[in-house]
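Comments concern the structure below.
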Amino acid sequence: MTRATGAAKPTARARIARVSAWRGWRELRAAPCRFWGLAAFLFAVLAGGGLFVVTYFASSYASEQQVRAQALVSSVAVSFGAHLRGALNPSLAVATFVESGPPPTHESVQNWFTRAAPALVMASPAIDDVQIAPCGHVAAVYPLVSARRNATGILLGGGHDLFNASSIIANRRQAAILALTTRQLHIEGPKNILSPLTTCTASCKYGQSALLSRIPLFASTTAAADPWSLGYRWAAAPGGPPLGPFTNVTGCDVVRSAATGASLCDTNATGDGRRFWGFFTIIVMWNQLLELAGVERLGTEYKWSIARSVETSDGTGAFPLVVVSSSDGSLPTSAYNAGAVSNVVRAYSSAWVITIEPRTGSLTPVLQDGAIAGVVVLAVLITALIVFIALQQQLNDNLLYSMLPRRIVSMLRAGEEHIAEHFEHVTLLFTDIVRFTDLVGTITPHETMAMLNDLFMDFDEIAQRHGVTKLETVGDAFVAVAGISGERDPRAQALQIARCALEMVECAGRHELPNSGNMLIRVGLHCGPAVGGVVGRTLPHYSLFGDTINTTARMESNSLPGRIHVSDKFAAAFVAAEAADEAAAAAAAASGAPLPPPLPFYLQPRGAVEIKGKGVMETHFLLRRGDAIPHGELLGPSSPQRTFGSSTSNNSRSVLKTAESSPVDIEATLITIDALALPTPGPLLSWLPALRATKGAPRLTRSAP
């Protein structure tokens with residue numbers, strides 16, 4: 001026993017073929033403006049709305065981050081300025097002591113410095129040491145050994161001359177002259193303060209660098225008692241030799257007062273009885289100052305930089321900014337983007353700019369670009385999905401409208417359960433394939449379905465082109481109707497159905513049968529009243545009911561292969577349409593307008609035919625101009641034998657007798673013609689003149705075609 005295998009998965013080529021055969025492409029090509037317009041509108045709404053939301057939230061987020069960053073950098077800047085000023089404020093105390101009172105002596109200053117230095121160092125944790133330099137010579141440093149430097153860093157050997165250009169540490173001359181010229185506290189650095197002989201003994205996170213602040217001291221003096229000319233001699237440091245006296249102040253003489261032009265080292269150099277006495281220096285450890293300012297609070301979220309103004313002595317007043325420290329190394333301030341946030345701190349004669357910037361480079365969310373791309377992609381996908389749904393809905397509607405009239409679909413969608421309509425006049429068409437039952441027995445089911453599908457697809461297009469509604473297909477039968485939607489005029493209906501039926505016969509003749517030969521169909525046409533409606537809940541289908549449908553089916557079953565068999569009622573409507581066409585041609589001829597082309601078809605009377613369930617009926621064949629059915633073939637091999645006489649005269653008399661014996665049917669036909677307000681039928685209805693003659697009606701003298 002073998003196990004059934006599942007269906008094979010479709011190949012990639014099969015999938016591509018299935019997508020290519022999707023009928024939605026046809027709908028898209030048929031109405032490009034509708035669907036592409038819908039796509040453009042949806043994309044604009046979705047993408048625009050999404051971008052607005054993303055931009056709004058990104059802007060709100062950026063504003064919040066701006067406020068947060070500004071508050072953070074302001075907090076750090078305030079703390080930095082407070083600790084910097086706190087570390088430099090002892091300079092003001094020293095300046096007050098030296099500059100107030102009588103001219104100080106070197107001994108008095110030394111005694112005061114020895115007592116005051118410990119308190120001055122304790123003013124701020126960032127202070128490394130304090131120094132005093134009478135006449136520009138560093139004479140005392142406190143403490144001798146700091147937490148950051150060992151004893152080898154003490155520079156007391158010989159008294160370091162700040163005006164000397166050959167310093168063992170660095171050139172301090174320019175800074176000393178600048179401080180002396182501006183007569184203000186001058187800040188230098190941050191710069192490395194370690195000599196090649198010293199080492200970093202504490203935290204060097206931001207480098208072993210420091211700020212050097214110098215304030216020039218001006219003491220009251222007179223020519224008679226000038227401590228400057230006496231030089232100075234300091235007491236020896238513990239374990240060291242005495243210092244001094246030093247009277248040679250290199251470079252001081254070249255510093256001139258802007259007001260008096262005299263050397264600031266001269267008596268009354270400032271114009272108020274004072275002269276330069278010396279410098280007081282405070283060294284502030286840079287890394288300790290940054291820790292006190294709380295730059296660590298910036299965390300890893302921001303990168304920061306601190307820039308300071310550089311005072312110049314060239315008289316231009318230009319103070320460029322130079323980055324002196326940064327979380328990522330020394331960077332120029334221009335390296336920061338527009339998302340950077342800054343705050344300015346002013347301390348004495350210098351300005352400090354603290355700048356922070358998100359490490360992402362912007363205050364906007366990191367995912368903003370991704371969110372924008374996501375919105376665009378999502379808008380494209382949603383637009384494509386909605387357009388696909390719209391196309392699929394259009395296909396479903398097309399399928400639904402092919403089975404039900406549009407108004408019936410609207411009624412069903414509105415929830416109506418019982419749908420019924422009465423039509424005063426509809427025109428029906430029935431077709432049937434000749435010898436279909438015998439044909440099916442000789443071909444495969446696949447060939448049968450392919451043959452019917454190809455044929456009925458062509459019939460669908462023909463019916464749609466002529467404004468005829470397809471009702472259904474029953475086996476090999478195709479049923480269509482005119483008059484349930486659109487045209488209500490019986491004459492227009494007759495012409496619609498006539499054109500449709502003739503084209504269907506010709507179309508069927510072009511279809512080759514699977515075994516051999518071309519296809520033949522029988523067609524029946526009839527018109528009259530009918531009732532239409534939808535019956536059932538499952539697979540609802542619109543159907544017509546009434547004797548008109550049965551009679552149309554009889555017209556088809558009694559037709560000949562490849563012929564269109566029509567009833568007397570259809571003939572009456574057709575003749576009325578023909579008369580209207582002739583009247584229009586006559587009116588055009590009278591007015592000199594171009595004549596419209598004549599109708600390309602006509603009716604050939606078949607005569608009286610026995611119709612099952614209907615009795616004897618006068619019927620006709622619808623033919624194209626130039627076509628005719630021989631008299632011997634009018635009845636056809638499958639029609640019932642008539643019992644009228646063999647001669648023409650006997651046939652005529654039999655027709656009249658039959659007509660007289662069936663007054664109801666004949667009168668109904670006449671009443672139908674009169675009710676339609678149609679002209680008197682022409683000789684195409686050859687039996688009507690004889691009937692009217694028997695009833696006293698005027699004879700018709702128009703000759704047969």
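Residue numbering restarts at 1 for every chain of the structure tokens, chains are lettered A, B, ... in their displayed order, and ligands are numbered from 1 as they appear.
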Selection: 6 Å around Phe218 in chain A, only C-alpha atoms, excl. self and same-chain fewer than 2 positions, as an MDAnalysis selection string: chainID A and resid 99 274:277
Dump as a CSV table (one decimal), in the first residue's frame, selection limited to all heavy atoms:
```csv
chain,number,residue,atom,x,y,z
A,99,GLU,N,49.5,96.8,50.4
A,99,GLU,CA,49.2,98.1,49.8
A,99,GLU,C,48.6,99.1,50.8
A,99,GLU,O,48.6,100.3,50.6
A,99,GLU,CB,48.3,98.0,48.6
A,99,GLU,CG,48.9,97.2,47.5
A,99,GLU,CD,47.9,97.1,46.3
A,99,GLU,OE1,46.8,97.6,46.4
A,99,GLU,OE2,48.3,96.5,45.2
A,274,ARG,N,52.7,105.3,44.9
A,274,ARG,CA,53.0,103.9,45.1
A,274,ARG,C,53.9,103.5,43.9
A,274,ARG,O,54.0,104.1,42.9
A,274,ARG,CB,51.7,103.1,45.1
A,274,ARG,CG,50.8,103.4,46.3
A,274,ARG,CD,49.6,102.4,46.2
A,274,ARG,NE,48.9,102.5,45.0
A,274,ARG,CZ,48.1,101.5,44.5
A,274,ARG,NH1,48.1,100.3,45.1
A,274,ARG,NH2,47.5,101.7,43.4
A,275,ARG,N,54.6,102.4,44.2
A,275,ARG,CA,55.5,101.8,43.2
A,275,ARG,C,55.4,100.3,43.4
A,275,ARG,O,54.9,99.7,44.4
A,275,ARG,CB,56.9,102.2,43.4
A,275,ARG,CG,57.5,101.8,44.7
A,275,ARG,CD,59.0,102.1,44.8
A,275,ARG,NE,59.7,101.4,43.8
A,275,ARG,CZ,61.0,101.6,43.6
A,275,ARG,NH1,61.7,102.5,44.2
A,275,ARG,NH2,61.6,100.8,42.7
A,276,PHE,N,55.9,99.6,42.4
A,276,PHE,CA,55.8,98.1,42.4
A,276,PHE,C,56.6,97.6,43.5
A,276,PHE,O,57.8,97.9,43.7
A,276,PHE,CB,56.3,97.6,41.0
A,276,PHE,CG,56.4,96.1,40.9
A,276,PHE,CD1,55.3,95.3,41.0
A,276,PHE,CD2,57.7,95.5,40.8
A,276,PHE,CE1,55.5,93.9,40.9
A,276,PHE,CE2,57.8,94.2,40.8
A,276,PHE,CZ,56.7,93.3,40.8
A,277,TRP,N,56.0,96.6,44.3
A,277,TRP,CA,56.7,96.0,45.4
A,277,TRP,C,57.1,94.6,45.1
A,277,TRP,O,58.1,94.1,45.5
A,277,TRP,CB,55.7,96.0,46.6
A,277,TRP,CG,56.4,95.5,47.9
A,277,TRP,CD1,57.1,96.3,48.8
A,277,TRP,CD2,56.5,94.2,48.3
A,277,TRP,NE1,57.6,95.5,49.8
A,277,TRP,CE2,57.2,94.2,49.5
A,277,TRP,CE3,56.0,93.0,47.9
A,277,TRP,CZ2,57.5,93.0,50.3
A,277,TRP,CZ3,56.3,91.8,48.6
A,277,TRP,CH2,57.0,91.8,49.8
```
Within 12 Å of Thr431 in chain A using only C-alpha atoms, minus same-chain residues under 2 positions, as a ChimeraX atom specification: /A:428-429,433-434,436,455-456,459,470,472-481,500-502,504-505,508,520-525,552-565
Residues near Glu357 in chain A, cut-off 6 Å, only C-alpha atoms, skip fewer than 6 positions along chain, as a PyMOL selection string: chain A and resi 302-303+340
Please produce a file of the residues just selected, as an mmCIF file, in the first residue's frame, where the atoms kept are N, CA, C and O atoms.
```
data_model
loop_
_atom_site.group_PDB
_atom_site.id
_atom_site.type_symbol
_atom_site.label_atom_id
_atom_site.label_comp_id
_atom_site.auth_asym_id
_atom_site.auth_seq_id
_atom_site.Cartn_x
_atom_site.Cartn_y
_atom_site.Cartn_z
ATOM 1 N N TYR A 302 27.608 63.191 27.633
ATOM 2 C CA TYR A 302 28.081 64.398 26.955
ATOM 3 C C TYR A 302 29.609 64.369 26.867
ATOM 4 O O TYR A 302 30.288 63.759 27.695
ATOM 5 N N LYS A 303 30.122 65.041 25.876
ATOM 6 C CA LYS A 303 31.532 65.386 25.836
ATOM 7 C C LYS A 303 31.638 66.874 26.110
ATOM 8 O O LYS A 303 30.752 67.648 25.724
ATOM 9 N N ALA A 340 25.642 71.866 20.426
ATOM 10 C CA ALA A 340 26.440 72.172 21.609
ATOM 11 C C ALA A 340 25.772 73.261 22.438
ATOM 12 O O ALA A 340 25.124 74.163 21.923
#
```
Helix (DSSP H, G or I) per DSSP on the backbone: members of range 341-426 of chain A, as an MDAnalysis selection string: chainID A and resid 368:403 406:413
Hey, can you spit out that residue selection with C-alpha atoms as a compact mmCIF listing (two decimals), in the first residue's frame?
```
# COMPACT_ATOMS: atom_id res chain seq x y z
CA GLN A 368 15.19 59.99 14.35
CA ASP A 369 16.68 59.11 10.96
CA GLY A 370 15.73 55.49 11.45
CA ALA A 371 12.23 56.53 12.49
CA ILE A 372 11.87 58.69 9.37
CA ALA A 373 13.03 55.84 7.16
CA GLY A 374 10.68 53.50 9.01
CA VAL A 375 7.75 55.88 8.50
CA VAL A 376 8.45 56.08 4.77
CA VAL A 377 8.79 52.30 4.44
CA LEU A 378 5.68 51.71 6.54
CA ALA A 379 3.74 54.27 4.50
CA VAL A 380 4.80 52.49 1.29
CA LEU A 381 3.77 49.10 2.67
CA ILE A 382 0.42 50.32 4.00
CA THR A 383 -0.26 52.18 0.75
CA ALA A 384 0.57 49.09 -1.28
CA LEU A 385 -1.63 46.96 0.99
CA ILE A 386 -4.59 49.33 0.74
CA VAL A 387 -4.23 49.65 -3.04
CA PHE A 388 -4.01 45.85 -3.27
CA ILE A 389 -7.17 45.56 -1.16
CA ALA A 390 -8.88 48.17 -3.36
CA LEU A 391 -7.89 46.25 -6.49
CA GLN A 392 -9.03 42.99 -4.94
CA GLN A 393 -12.30 44.63 -3.92
CA GLN A 394 -12.72 45.87 -7.47
CA LEU A 395 -12.18 42.33 -8.74
CA ASN A 396 -14.71 41.04 -6.25
CA ASP A 397 -17.17 43.74 -7.29
CA ASN A 398 -16.62 42.90 -10.94
CA LEU A 399 -17.30 39.26 -10.19
CA LEU A 400 -20.37 40.18 -8.18
CA TYR A 401 -21.67 42.55 -10.86
CA SER A 402 -21.15 39.83 -13.44
CA MET A 403 -23.62 37.67 -11.51
CA ARG A 406 -25.61 46.62 -9.58
CA ARG A 407 -28.85 47.76 -8.03
CA ILE A 408 -29.47 44.25 -6.68
CA VAL A 409 -25.98 44.26 -5.16
CA SER A 410 -26.77 47.61 -3.52
CA MET A 411 -30.04 46.22 -2.16
CA LEU A 412 -28.31 43.13 -0.77
CA ARG A 413 -25.63 45.25 0.86
```
Excluding range 510-516 of chain A and residues on its chain fewer than 2 positions from it, collect all residues at most 9 Å away from it, counting only C-alpha atoms, and give them as a PDB file with C-alpha atoms, in the first residue's frame.
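The result, written out as result21.pdb:
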```
ATOM      1  CA  LEU A 439     -19.463  15.744 -28.003  1.00  0.00           C
ATOM      2  CA  THR A 442     -15.767  11.835 -26.909  1.00  0.00           C
ATOM      3  CA  ILE A 443     -13.481  14.339 -25.107  1.00  0.00           C
ATOM      4  CA  GLU A 447     -11.129  19.667 -22.749  1.00  0.00           C
ATOM      5  CA  THR A 448     -14.833  20.119 -22.061  1.00  0.00           C
ATOM      6  CA  MET A 451     -13.927  24.633 -24.509  1.00  0.00           C
ATOM      7  CA  ASP A 454     -13.169  29.926 -23.874  1.00  0.00           C
ATOM      8  CA  LEU A 455     -16.596  30.168 -25.503  1.00  0.00           C
ATOM      9  CA  VAL A 505     -23.229  32.846 -33.705  1.00  0.00           C
ATOM     10  CA  GLU A 506     -20.260  34.103 -35.684  1.00  0.00           C
ATOM     11  CA  CYS A 507     -17.988  33.843 -32.643  1.00  0.00           C
ATOM     12  CA  ALA A 508     -19.052  30.237 -31.998  1.00  0.00           C
ATOM     13  CA  ASN A 518     -16.225  24.128 -35.937  1.00  0.00           C
ATOM     14  CA  MET A 519     -18.793  24.758 -33.255  1.00  0.00           C
ATOM     15  CA  LEU A 520     -22.446  25.465 -34.018  1.00  0.00           C
TER      16      LEU A 520
END
```
Distance of CA of Ala58 in chain A from CA of Pro358 in chain A, expressed in Å to one decimal place: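 We find that CA of Pro358 in chain A and CA of Ala58 in chain A lie 14.8 Å from each other.
When CA of Met122 in chain A is paired with CA of Gln184 in chain A, their separation reads 23.2 Å.
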CA of Arg491 in chain A to CA of Ala577 in chain A, straight-line distance in Å: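 So the answer is 4.7 Å.
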Nearby residues (only C-alpha atoms) at most 9 Å from Ser349 in chain A, same-chain spacing under 3 positions excluded, as a PyMOL selection string: chain A and resi 184-187+311+346
